[in-house]
>>> print(open('input_3.cif').read())   # mmCIF, C-alpha atoms and all ligand atoms
data_structure
loop_
_atom_site.label_atom_id
_atom_site.label_comp_id
_atom_site.auth_asym_id
_atom_site.auth_seq_id
_atom_site.Cartn_x
_atom_site.Cartn_y
_atom_site.Cartn_z
CA MET A 59 30.39 30.44 -20.65
CA THR A 60 30.55 34.18 -19.94
CA LEU A 61 27.40 35.84 -18.65
CA ARG A 62 26.92 39.07 -20.58
CA ILE A 63 23.89 41.14 -19.61
CA SER A 64 23.69 44.66 -21.00
CA GLY A 65 21.14 47.46 -20.82
CA ARG A 66 19.74 46.16 -24.11
CA THR A 67 19.60 42.44 -23.31
CA LYS A 68 16.42 40.77 -24.55
CA LEU A 69 14.70 38.01 -22.63
CA ALA A 70 13.64 34.51 -23.51
CA GLY A 71 12.79 31.60 -21.24
CA ILE A 72 10.80 28.52 -20.46
CA VAL A 73 7.43 28.57 -18.70
CA GLY A 74 6.25 25.41 -16.97
CA LYS A 75 5.99 23.43 -13.76
CA PRO A 76 8.28 21.91 -12.71
CA ILE A 77 11.20 23.20 -14.77
CA GLY A 78 14.11 22.80 -12.38
CA HIS A 79 15.52 20.00 -14.56
CA SER A 80 14.98 21.70 -17.92
CA LEU A 81 17.97 21.53 -20.26
CA SER A 82 16.68 24.50 -22.28
CA PRO A 83 18.46 27.31 -20.35
CA ALA A 84 21.86 25.61 -20.88
CA MET A 85 21.32 24.89 -24.56
CA HIS A 86 19.80 28.27 -25.42
CA ASN A 87 22.34 30.41 -23.56
CA ALA A 88 25.24 28.47 -25.14
CA VAL A 89 24.01 29.21 -28.61
CA TYR A 90 23.15 32.87 -27.88
CA GLU A 91 26.77 33.32 -26.85
CA GLU A 92 28.05 31.63 -30.01
CA LEU A 93 25.76 33.72 -32.22
CA GLU A 94 26.56 36.89 -30.21
CA LEU A 95 22.87 37.47 -29.57
CA ASP A 96 22.30 39.90 -26.68
CA TRP A 97 19.63 37.62 -25.24
CA ALA A 98 19.31 35.74 -21.93
CA TYR A 99 17.21 32.58 -21.47
CA ILE A 100 15.81 32.04 -17.99
CA PRO A 101 13.59 29.48 -16.22
CA LEU A 102 10.10 30.88 -15.63
CA PRO A 103 8.38 28.59 -13.10
CA VAL A 104 4.65 29.26 -12.99
CA ASP A 105 2.41 27.58 -10.40
CA ASP A 106 -1.00 27.61 -12.07
CA GLU A 107 -3.04 29.20 -14.86
CA THR A 108 -3.74 32.32 -12.77
CA ASP A 109 0.00 32.90 -12.45
CA LEU A 110 0.40 32.11 -16.14
CA MET A 111 -1.96 35.01 -16.93
CA ARG A 112 0.06 37.27 -14.61
CA PHE A 113 3.29 36.25 -16.35
CA LEU A 114 1.74 36.90 -19.78
CA GLY A 115 0.76 40.42 -18.67
CA ALA A 116 4.38 41.11 -17.73
CA ALA A 117 5.76 39.49 -20.89
CA ARG A 118 3.76 41.90 -23.06
CA VAL A 119 5.63 44.90 -21.62
CA LEU A 120 9.07 43.44 -20.85
CA PRO A 121 11.67 43.01 -23.62
CA PHE A 122 10.89 39.37 -24.44
CA VAL A 123 11.82 38.05 -27.90
CA GLY A 124 9.80 34.98 -27.06
CA PHE A 125 9.41 32.09 -24.68
CA ASN A 126 8.85 28.36 -24.66
CA ILE A 127 5.98 26.67 -22.91
CA THR A 128 6.19 23.21 -21.43
CA MET A 129 4.02 20.93 -19.32
CA PRO A 130 1.37 21.52 -18.11
CA TYR A 131 0.54 24.73 -20.04
CA LYS A 132 1.04 23.86 -23.74
CA GLN A 133 -2.68 23.34 -24.37
CA ALA A 134 -3.80 26.33 -22.25
CA MET A 135 -1.41 28.63 -24.13
CA LEU A 136 -3.31 27.98 -27.36
CA SER A 137 -6.20 30.22 -26.29
CA MET A 138 -3.91 32.85 -24.72
CA CYS A 139 -2.09 33.78 -27.95
CA ASP A 140 -3.14 36.63 -30.22
CA GLU A 141 -2.39 34.50 -33.28
CA VAL A 142 -1.67 30.80 -33.63
CA ALA A 143 0.18 29.18 -36.55
CA MET A 144 -1.76 26.48 -38.38
CA MET A 145 0.56 23.65 -37.21
CA ALA A 146 0.02 24.58 -33.57
CA GLN A 147 -3.74 24.80 -34.10
CA MET A 148 -3.78 21.33 -35.64
CA ALA A 149 -1.53 19.98 -32.87
CA GLY A 150 -3.78 21.52 -30.22
CA ALA A 151 -0.77 22.90 -28.33
CA VAL A 152 1.71 25.80 -28.35
CA ASN A 153 5.31 25.27 -27.21
CA THR A 154 6.88 28.45 -28.63
CA VAL A 155 5.65 32.04 -28.46
CA HIS A 156 7.17 34.84 -30.52
CA VAL A 157 6.55 38.25 -28.92
CA VAL A 158 6.04 40.86 -31.63
CA ASP A 159 5.13 44.40 -30.51
CA GLY A 160 3.57 43.02 -27.32
CA ARG A 161 1.51 40.44 -29.24
CA PHE A 162 1.89 36.70 -28.79
CA ILE A 163 2.25 34.54 -31.90
CA GLY A 164 2.01 30.85 -31.01
CA TYR A 165 3.89 28.04 -32.75
CA ASN A 166 4.51 24.38 -32.16
CA THR A 167 8.07 23.31 -32.98
CA ASP A 168 7.96 19.85 -31.30
CA GLY A 169 6.76 17.96 -34.38
CA ARG A 170 9.15 19.72 -36.75
CA GLY A 171 11.92 19.05 -34.24
CA LEU A 172 11.10 15.35 -34.18
CA VAL A 173 11.02 15.04 -37.98
CA GLU A 174 14.28 17.00 -38.29
CA SER A 175 15.95 14.75 -35.71
CA LEU A 176 14.78 11.57 -37.46
CA GLU A 177 16.10 12.86 -40.78
CA THR A 178 19.48 14.06 -39.51
CA ASP A 179 20.15 11.42 -36.84
CA VAL A 180 19.06 8.26 -38.70
CA GLY A 181 18.13 9.36 -42.25
CA PHE A 182 14.41 8.57 -41.80
CA ASN A 183 12.10 10.24 -44.33
CA PRO A 184 8.42 9.87 -43.37
CA GLU A 185 7.03 10.06 -46.91
CA SER A 186 4.93 6.98 -47.83
CA LYS A 187 5.76 5.23 -44.53
CA HIS A 188 3.51 3.66 -41.90
CA VAL A 189 4.12 5.38 -38.54
CA THR A 190 2.66 4.45 -35.16
CA ILE A 191 2.66 7.01 -32.36
CA VAL A 192 2.12 5.61 -28.87
CA GLY A 193 0.29 8.29 -26.89
CA ALA A 194 -2.25 10.96 -27.80
CA GLY A 195 -1.19 13.95 -25.67
CA GLY A 196 0.43 17.24 -26.67
CA ALA A 197 3.69 15.79 -28.01
CA ALA A 198 1.87 13.04 -29.91
CA GLY A 199 -0.41 15.67 -31.50
CA ALA A 200 2.53 17.79 -32.62
CA ALA A 201 4.33 14.74 -34.03
CA ALA A 202 1.18 13.56 -35.81
CA VAL A 203 0.76 16.92 -37.60
CA SER A 204 4.35 16.85 -38.83
CA PHE A 205 4.11 13.25 -40.03
CA MET A 206 0.88 14.06 -41.85
CA LEU A 207 2.55 17.08 -43.52
CA GLY A 208 5.52 14.79 -44.25
CA LYS A 209 3.08 12.62 -46.26
CA VAL A 210 3.10 9.38 -44.30
CA SER A 211 0.87 6.80 -45.96
CA HIS A 212 -0.63 5.50 -42.69
CA LEU A 213 -0.61 7.06 -39.23
CA THR A 214 -1.71 4.97 -36.26
CA ILE A 215 -2.39 6.63 -32.92
CA ALA A 216 -2.23 3.94 -30.21
CA ASN A 217 -3.32 5.21 -26.81
CA ARG A 218 -4.46 3.86 -23.45
CA ASN A 219 -7.53 6.13 -23.67
CA ILE A 220 -9.12 5.44 -27.06
CA GLU A 221 -11.30 8.59 -26.99
CA LYS A 222 -8.20 10.79 -26.93
CA ALA A 223 -6.73 8.90 -29.89
CA GLN A 224 -10.03 9.27 -31.77
CA GLU A 225 -10.20 13.02 -31.01
CA LEU A 226 -6.68 13.54 -32.36
CA VAL A 227 -7.42 11.56 -35.52
CA ALA A 228 -10.68 13.48 -36.07
CA ARG A 229 -8.81 16.80 -35.77
CA LEU A 230 -6.17 15.73 -38.29
CA GLN A 231 -8.42 14.01 -40.81
CA ALA A 232 -9.98 17.36 -41.74
CA HIS A 233 -6.56 18.50 -43.08
CA SER A 234 -5.29 15.23 -44.52
CA ARG A 235 -4.28 14.72 -48.11
CA GLY A 236 -3.79 11.03 -48.69
CA THR A 237 -2.84 9.82 -45.19
CA GLU A 238 -4.85 6.91 -43.79
CA PHE A 239 -5.49 7.21 -40.03
CA THR A 240 -6.21 4.63 -37.33
CA ALA A 241 -7.04 5.31 -33.68
CA ILE A 242 -6.59 2.19 -31.58
CA GLU A 243 -6.26 1.15 -27.96
CA LEU A 244 -2.65 0.54 -27.01
CA PHE A 245 -3.17 -3.07 -25.90
CA ALA A 246 -4.70 -3.93 -29.32
CA ALA A 247 -2.04 -2.25 -31.48
CA GLU A 248 0.24 -5.25 -32.16
CA GLU A 249 -0.60 -5.58 -35.85
CA HIS A 250 -0.13 -1.85 -36.47
CA ILE A 251 3.13 -1.68 -34.58
CA ARG A 252 4.54 -4.72 -36.39
CA ALA A 253 3.54 -3.16 -39.75
CA SER A 254 5.13 0.23 -38.96
CA HIS A 255 8.38 1.54 -40.39
CA LEU A 256 8.63 3.89 -37.39
CA VAL A 257 7.30 3.54 -33.84
CA VAL A 258 7.39 6.64 -31.60
CA ASN A 259 6.89 6.63 -27.84
CA ALA A 260 5.08 9.84 -26.88
CA THR A 261 4.17 8.74 -23.35
CA PRO A 262 6.24 9.27 -20.18
CA ILE A 263 6.63 5.48 -19.75
CA GLY A 264 10.36 4.85 -19.48
CA MET A 265 11.20 8.07 -17.68
CA GLN A 266 11.45 6.38 -14.26
CA PRO A 267 13.62 3.35 -13.49
CA GLY A 268 11.50 0.18 -13.53
CA ASP A 269 8.83 1.69 -15.81
CA GLY A 270 9.28 -1.00 -18.45
CA SER A 271 8.43 -0.44 -22.11
CA PRO A 272 5.23 1.23 -23.37
CA VAL A 273 4.78 -1.62 -25.88
CA PRO A 274 5.69 -5.32 -25.59
CA LEU A 275 9.20 -5.68 -27.00
CA GLU A 276 8.12 -8.77 -29.02
CA TRP A 277 6.19 -6.35 -31.29
CA ILE A 278 9.42 -4.61 -32.37
CA HIS A 279 11.63 -5.96 -35.19
CA GLU A 280 14.83 -5.20 -37.06
CA ASP A 281 13.27 -3.37 -40.03
CA GLN A 282 12.03 -0.51 -37.85
CA VAL A 283 13.18 2.82 -36.51
CA VAL A 284 12.12 3.09 -32.86
CA CYS A 285 12.06 6.56 -31.36
CA ASP A 286 11.56 7.44 -27.72
CA MET A 287 10.79 11.11 -27.07
CA ILE A 288 12.28 10.64 -23.61
CA TYR A 289 15.87 11.81 -23.23
CA LYS A 290 18.14 10.85 -20.34
CA PRO A 291 21.69 9.58 -20.06
CA GLN A 292 20.68 5.90 -19.97
CA PRO A 293 18.54 4.54 -22.85
CA THR A 294 14.96 3.59 -21.96
CA GLU A 295 13.88 -0.04 -21.86
CA LEU A 296 12.13 0.45 -25.22
CA LEU A 297 15.36 1.64 -26.84
CA VAL A 298 17.44 -1.12 -25.23
CA GLY A 299 14.94 -3.68 -26.57
CA ALA A 300 14.96 -2.05 -30.01
CA GLN A 301 18.76 -2.21 -30.12
CA GLU A 302 18.72 -5.87 -29.09
CA VAL A 303 16.45 -6.94 -31.97
CA GLY A 304 18.46 -4.93 -34.50
CA ALA A 305 16.00 -2.04 -34.93
CA THR A 306 17.36 1.51 -35.18
CA PRO A 307 16.91 3.34 -31.84
CA VAL A 308 16.64 7.13 -31.54
CA ASP A 309 16.21 9.00 -28.26
CA GLY A 310 14.48 12.36 -27.71
CA LEU A 311 17.56 14.55 -27.33
CA GLY A 312 17.77 15.35 -31.05
CA MET A 313 14.09 16.37 -30.97
CA LEU A 314 14.67 18.58 -27.91
CA VAL A 315 17.63 20.28 -29.61
CA ALA A 316 15.83 20.77 -32.94
CA GLN A 317 12.61 22.13 -31.40
CA GLY A 318 14.71 24.68 -29.46
CA ALA A 319 16.78 25.59 -32.53
CA ILE A 320 13.63 26.11 -34.62
CA ALA A 321 12.29 28.42 -31.87
CA ILE A 322 15.46 30.53 -32.12
CA ASP A 323 15.12 30.56 -35.92
CA ILE A 324 11.59 31.95 -35.44
CA TRP A 325 12.57 34.57 -32.85
CA SER A 326 15.51 35.80 -34.91
CA ASP A 327 13.70 35.82 -38.28
CA SER A 328 15.08 32.61 -39.70
CA ALA A 329 16.20 34.11 -43.00
CA GLN A 330 19.19 35.61 -41.17
CA ILE A 331 20.72 32.67 -39.29
CA ARG A 332 20.50 28.93 -38.96
CA THR A 333 20.90 28.08 -35.30
CA PRO A 334 23.84 25.68 -34.82
CA ARG A 335 22.30 22.47 -33.52
CA GLU A 336 25.65 20.93 -32.47
CA THR A 337 26.35 23.71 -29.94
CA MET A 338 22.91 23.19 -28.41
CA ARG A 339 23.31 19.43 -28.30
CA SER A 340 26.66 19.50 -26.53
CA ALA A 341 25.41 22.09 -23.99
CA ALA A 342 22.32 19.92 -23.33
CA GLU A 343 24.46 16.78 -22.96
CA GLN A 344 26.79 18.52 -20.52
CA ALA A 345 23.88 19.87 -18.45
CA MET A 346 22.23 16.45 -18.42
CA ARG A 347 25.44 14.78 -17.24
CA ARG A 348 25.90 17.40 -14.50
CA MET A 349 22.34 16.88 -13.27
CA HIS A 350 22.63 13.11 -13.23
CA THR A 351 25.96 13.12 -11.43
CA GLY A 352 24.49 15.55 -8.88
CA GLU A 353 26.94 18.35 -9.71
CA VAL A 354 24.06 20.83 -9.90
CA ASP A 355 20.69 20.84 -8.25
CA GLY A 356 18.49 21.05 -11.36
P1 LIG B 1 0.82 14.44 -22.15
O1 LIG B 1 0.15 15.47 -22.97
O2 LIG B 1 0.57 14.39 -20.68
O3 LIG B 1 0.42 12.99 -22.78
C1 LIG B 1 0.87 11.82 -22.19
C2 LIG B 1 0.39 10.60 -22.99
O4 LIG B 1 0.97 9.45 -22.38
C3 LIG B 1 -1.11 10.40 -23.00
O5 LIG B 1 -1.48 9.91 -24.27
C4 LIG B 1 -1.31 9.32 -21.93
O6 LIG B 1 -2.38 8.43 -22.20
C5 LIG B 1 -0.05 8.51 -22.06
N1 LIG B 1 0.28 7.85 -20.81
C6 LIG B 1 0.70 8.43 -19.65
N2 LIG B 1 0.91 7.50 -18.71
C7 LIG B 1 0.60 6.29 -19.29
C8 LIG B 1 0.60 4.95 -18.83
N3 LIG B 1 1.00 4.65 -17.57
N4 LIG B 1 0.23 3.97 -19.67
C9 LIG B 1 -0.16 4.27 -20.93
N5 LIG B 1 -0.20 5.52 -21.44
C10 LIG B 1 0.20 6.53 -20.62
O7 LIG B 1 2.40 14.51 -22.32
P2 LIG B 1 3.23 15.07 -23.57
O8 LIG B 1 3.50 16.50 -23.38
O9 LIG B 1 2.55 14.61 -24.80
O10 LIG B 1 4.64 14.34 -23.36
C11 LIG B 1 4.77 12.94 -23.59
C12 LIG B 1 6.24 12.52 -23.45
O11 LIG B 1 7.01 13.14 -24.48
C13 LIG B 1 6.89 12.94 -22.13
O12 LIG B 1 7.74 11.91 -21.72
C14 LIG B 1 7.70 14.17 -22.50
O13 LIG B 1 8.82 14.34 -21.66
C15 LIG B 1 8.13 13.79 -23.92
N6 LIG B 1 8.44 14.98 -24.73
C16 LIG B 1 9.70 15.07 -25.25
C17 LIG B 1 10.02 16.17 -26.05
C18 LIG B 1 11.41 16.27 -26.62
O14 LIG B 1 11.77 17.37 -27.08
N7 LIG B 1 12.16 15.20 -26.66
C19 LIG B 1 9.07 17.16 -26.31
C20 LIG B 1 7.78 17.02 -25.77
C21 LIG B 1 7.49 15.92 -24.97
P3 LIG B 1 -3.91 8.71 -21.75
O15 LIG B 1 -4.49 9.62 -22.80
O16 LIG B 1 -4.52 7.37 -21.76
O17 LIG B 1 -3.84 9.35 -20.40
#
>>> encode(input="input_3.cif", output="structure tokens")
Amino acid sequence: MTLRISGRTKLAGIVGKPIGHSLSPAMHNAVYEELELDWAYIPLPVDDETDLMRFLGAARVLPFVGFNITMPYKQAMLSMCDEVAMMAQMAGAVNTVHVVDGRFIGYNTDGRGLVESLETDVGFNPESKHVTIVGAGGAAGAAAVSFMLGKVSHLTIANRNIEKAQELVARLQAHSRGTEFTAIELFAAEEHIRASHLVVNATPIGMQPGDGSPVPLEWIHEDQVVCDMIYKPQPTELLVGAQEVGATPVDGLGMLVAQGAIAIDIWSDSAQIRTPRETMRSAAEQAMRRMHTGEVDG
């Protein structure tokens, strides 16, 4: 990849902590080059919310087209935008900011990215399906909004902390047209998980070796799609178990790629281009392989 910075180069980047292992710079810069966009995507490590405010002050006056927000600032960013799209409001988190004339417009592309990945990677259409999301944090909220808009018949939120699952369901129910919701404690979710067409892991369980699976593998069966939002070179224990029983496994790389591509569509006024997902996926895969073989330090 050739680095081309001109006097007119616009900025984009990812704000979070830690972000040393983010795949976003590799996948964004690869596609900017292919699309001949005079943009550069950089890591923007921010230590705390005070520094986040300082960064936002700078981003209003520097030539940013936009930026992504990752853990732990997705929820905080909601109240720091000048305008927030309805999907991000419902999700309770912003992962993409479009900078327009120094104003911040907040979006959430995680849920749309997940639904796009499920459709393109395994042909899963959420309409009239029962879906269980394990977890009730920012990514679960974004996914839940997109499944609700995708007209699932039943959405179960299974979480360790039942209050967080109940809060998410209460926030969504106000906007629902025809979706039945259940908030349930994770340990009690067997019946719901068995009855689901799709089970999504939206917890970090499986990220570290020896983590195990977020749900007992006996609850998974062959008629299901099982999606883990986690992406890494080796499949998680949940996905290995899903494969073994004949279910259809999907990892989180397609979601990562699609949420990033949708952000570029937003920043570039999507009527003009459709960001090539394949370029982003192969750049992300290459960066992930380099990180895991120790070729680069994050
Ligand atoms: P988050 O807001 O911190 O939420 C984490 C959720 O996981 C909470 O519901 C939490 O439950 C649950 N959890 C954490 N540790 C647990 C444990 N030991 N046992 C049971 N439940 C546990 O995180 P997030 O931003 O939603 O991210 C969740 C996962 O999705 C992460 O692995 C992240 O990397 C992944 N993700 C992937 C993509 C992608 O593009 N592929 C995008 C976004 C996120 P409690 O409420 O009980 O604490």
>>> residues_near_ligand(input="input_3.cif", ligand="ligand LIG 1 (chain B)", cutoff="8 Å", atoms="all atoms listed in the file", output="ChimeraX atom specification")
/A:128-130,132,168,171-172,192-199,217-220,222-223,244,259-265,272,286-289,309-317
>>> residues_near_point(input="input_3.cif", point="(3.7, 40.7, -28.2)", cutoff="9 Å", atoms="all atoms listed in the file", output="MDAnalysis selection string")
chainID A and resid 117:119 122:124 140 155:163
>>> closest_residue(input="input_3.cif", among="A:Gln147, A:Thr154, A:Ser254, A:Thr67", to="Ser186 of chain A", atoms="only C-alpha atoms")
A:Ser254
>>> atom_distance(input="input_3.cif", atom1="atom CA of Tyr165 of chain A", atom2="atom CA of Val284 of chain A")
26.3 Å
>>> atom_distance(input="input_3.cif", atom1="atom CA of Ile331 of chain A", atom2="atom CA of Leu120 of chain A")
24.3 Å
>>> atom_distance(input="input_3.cif", atom1="atom CA of Glu94 of chain A", atom2="atom CA of Val152 of chain A")
27.3 Å
>>> closest_residue(input="input_3.cif", among="A:Met349, A:Ala305, A:Val258, A:Ile251", to="His79 of chain A", atoms="all atoms listed in the file")
A:Met349
>>> residues_around(input="input_3.cif", residues="segment 208-210 of chain A", least_positions_apart="6", cutoff="7 Å", atoms="only C-alpha atoms", output="ChimeraX atom specification")
/A:184-188,237
>>> write_last_selection(input="input_3.cif", atoms="C-alpha atoms", output="compact mmCIF listing (two decimals), keeping the file's coordinate frame")
# COMPACT_ATOMS: atom_id res chain seq x y z
CA PRO A 184 8.42 9.87 -43.37
CA GLU A 185 7.03 10.06 -46.91
CA SER A 186 4.93 6.98 -47.83
CA LYS A 187 5.76 5.23 -44.53
CA HIS A 188 3.51 3.66 -41.90
CA THR A 237 -2.84 9.82 -45.19
>>> closest_residue(input="input_3.cif", among="A:Phe205, A:Trp97, A:Phe182, A:Tyr90", to="Met145 of chain A", atoms="all atoms listed in the file")
A:Phe205
>>> closest_residue(input="input_3.cif", among="A:Val227, A:Val173, A:Ile191, A:Leu69", to="Leu256 of chain A", atoms="only C-alpha atoms")
A:Ile191
>>> residues_around(input="input_3.cif", residues="Thr240 of chain A", least_positions_apart="5", cutoff="9 Å", atoms="all atoms listed in the file", output="list of chain:residue names")
A:His212, A:Leu213, A:Thr214, A:Ile215, A:Ala216, A:Ala223, A:Gln224, A:Val227, A:His250
>>> write_last_selection(input="input_3.cif", atoms="C-alpha atoms", output="compact mmCIF listing (two decimals), keeping the file's coordinate frame")
# COMPACT_ATOMS: atom_id res chain seq x y z
CA HIS A 212 -0.63 5.50 -42.69
CA LEU A 213 -0.61 7.06 -39.23
CA THR A 214 -1.71 4.97 -36.26
CA ILE A 215 -2.39 6.63 -32.92
CA ALA A 216 -2.23 3.94 -30.21
CA ALA A 223 -6.73 8.90 -29.89
CA GLN A 224 -10.03 9.27 -31.77
CA VAL A 227 -7.42 11.56 -35.52
CA HIS A 250 -0.13 -1.85 -36.47
>>> closest_residue(input="input_3.cif", among="A:Val142, A:Met346, A:Met85, A:Ile320", to="Arg170 of chain A", atoms="only C-alpha atoms")
A:Ile320
>>> residues_around(input="input_3.cif", residues="Met148 of chain A", least_positions_apart="4", cutoff="9 Å", atoms="all atoms listed in the file", output="PyMOL selection string")
chain A and resi 143-144+199-200+203+226+229-230+233
>>> write_last_selection(input="input_3.cif", atoms="C-alpha atoms", output="PDB file, in the frame of the given file")
ATOM      1  CA  ALA A 143       0.180  29.180 -36.550  1.00  0.00           C
ATOM      2  CA  MET A 144      -1.760  26.480 -38.380  1.00  0.00           C
ATOM      3  CA  GLY A 199      -0.410  15.670 -31.500  1.00  0.00           C
ATOM      4  CA  ALA A 200       2.530  17.790 -32.620  1.00  0.00           C
ATOM      5  CA  VAL A 203       0.760  16.920 -37.600  1.00  0.00           C
ATOM      6  CA  LEU A 226      -6.680  13.540 -32.360  1.00  0.00           C
ATOM      7  CA  ARG A 229      -8.810  16.800 -35.770  1.00  0.00           C
ATOM      8  CA  LEU A 230      -6.170  15.730 -38.290  1.00  0.00           C
ATOM      9  CA  HIS A 233      -6.560  18.500 -43.080  1.00  0.00           C
TER      10      HIS A 233
END
>>> closest_residue(input="input_3.cif", among="A:Pro291, A:Gly115, A:Pro307, A:Gly164", to="Asp179 of chain A", atoms="all atoms listed in the file")
A:Pro307
>>> residues_around(input="input_3.cif", residues="Gly299 of chain A", least_positions_apart="5", cutoff="10 Å", atoms="all atoms listed in the file", output="compact mmCIF listing (two decimals) with C-alpha atoms, keeping the file's coordinate frame")
# COMPACT_ATOMS: atom_id res chain seq x y z
CA SER A 271 8.43 -0.44 -22.11
CA PRO A 274 5.69 -5.32 -25.59
CA LEU A 275 9.20 -5.68 -27.00
CA GLU A 276 8.12 -8.77 -29.02
CA ILE A 278 9.42 -4.61 -32.37
CA HIS A 279 11.63 -5.96 -35.19
CA VAL A 284 12.12 3.09 -32.86
CA PRO A 293 18.54 4.54 -22.85
CA THR A 294 14.96 3.59 -21.96
CA GLY A 304 18.46 -4.93 -34.50
CA ALA A 305 16.00 -2.04 -34.93
CA PRO A 307 16.91 3.34 -31.84
>>> residues_around(input="input_3.cif", residues="Tyr131 of chain A", least_positions_apart="6", cutoff="9 Å", atoms="all atoms listed in the file", output="PyMOL selection string")
chain A and resi 73-75+106-107+110+151-153
>>> decode(input="input_3.cif", residues="segment 162-168 of chain A", atoms="all heavy atoms", output="compact mmCIF listing (two decimals), in the first residue's frame")
# COMPACT_ATOMS: atom_id res chain seq x y z
N PHE A 162 -21.13 17.27 14.98
CA PHE A 162 -21.00 15.81 15.07
C PHE A 162 -22.37 15.15 14.94
O PHE A 162 -23.25 15.38 15.76
CB PHE A 162 -20.40 15.42 16.42
CG PHE A 162 -19.02 15.95 16.67
CD1 PHE A 162 -18.64 16.35 17.95
CD2 PHE A 162 -18.09 16.06 15.63
CE1 PHE A 162 -17.36 16.83 18.19
CE2 PHE A 162 -16.81 16.54 15.87
CZ PHE A 162 -16.45 16.94 17.14
N ILE A 163 -22.50 14.32 13.88
CA ILE A 163 -23.74 13.55 13.71
C ILE A 163 -23.42 12.11 14.07
O ILE A 163 -22.55 11.49 13.44
CB ILE A 163 -24.28 13.60 12.25
CG1 ILE A 163 -24.06 14.98 11.60
CG2 ILE A 163 -25.72 13.13 12.17
CD1 ILE A 163 -24.88 16.09 12.13
N GLY A 164 -24.10 11.58 15.07
CA GLY A 164 -23.79 10.23 15.58
C GLY A 164 -24.65 9.14 14.96
O GLY A 164 -25.86 9.32 14.78
N TYR A 165 -24.00 8.03 14.63
CA TYR A 165 -24.69 6.87 14.06
C TYR A 165 -24.25 5.63 14.81
O TYR A 165 -23.22 5.63 15.49
CB TYR A 165 -24.32 6.67 12.59
CG TYR A 165 -24.75 7.77 11.66
CD1 TYR A 165 -23.96 8.90 11.48
CD2 TYR A 165 -25.95 7.68 10.98
CE1 TYR A 165 -24.36 9.92 10.63
CE2 TYR A 165 -26.36 8.70 10.12
CZ TYR A 165 -25.56 9.81 9.95
OH TYR A 165 -25.97 10.81 9.11
N ASN A 166 -25.01 4.56 14.63
CA ASN A 166 -24.51 3.26 15.08
C ASN A 166 -24.61 2.29 13.91
O ASN A 166 -25.72 2.00 13.45
CB ASN A 166 -25.31 2.74 16.28
CG ASN A 166 -24.55 1.61 16.94
OD1 ASN A 166 -24.08 0.69 16.26
ND2 ASN A 166 -24.36 1.69 18.24
N THR A 167 -23.46 1.83 13.43
CA THR A 167 -23.45 0.94 12.26
C THR A 167 -23.20 -0.52 12.65
O THR A 167 -23.17 -1.38 11.78
CB THR A 167 -22.37 1.40 11.23
OG1 THR A 167 -21.07 1.24 11.81
CG2 THR A 167 -22.56 2.85 10.82
N ASP A 168 -23.04 -0.79 13.97
CA ASP A 168 -22.73 -2.17 14.39
C ASP A 168 -23.89 -3.13 14.06
O ASP A 168 -23.65 -4.23 13.54
CB ASP A 168 -22.49 -2.23 15.91
CG ASP A 168 -21.08 -1.81 16.29
OD1 ASP A 168 -20.16 -1.89 15.44
OD2 ASP A 168 -20.88 -1.40 17.45
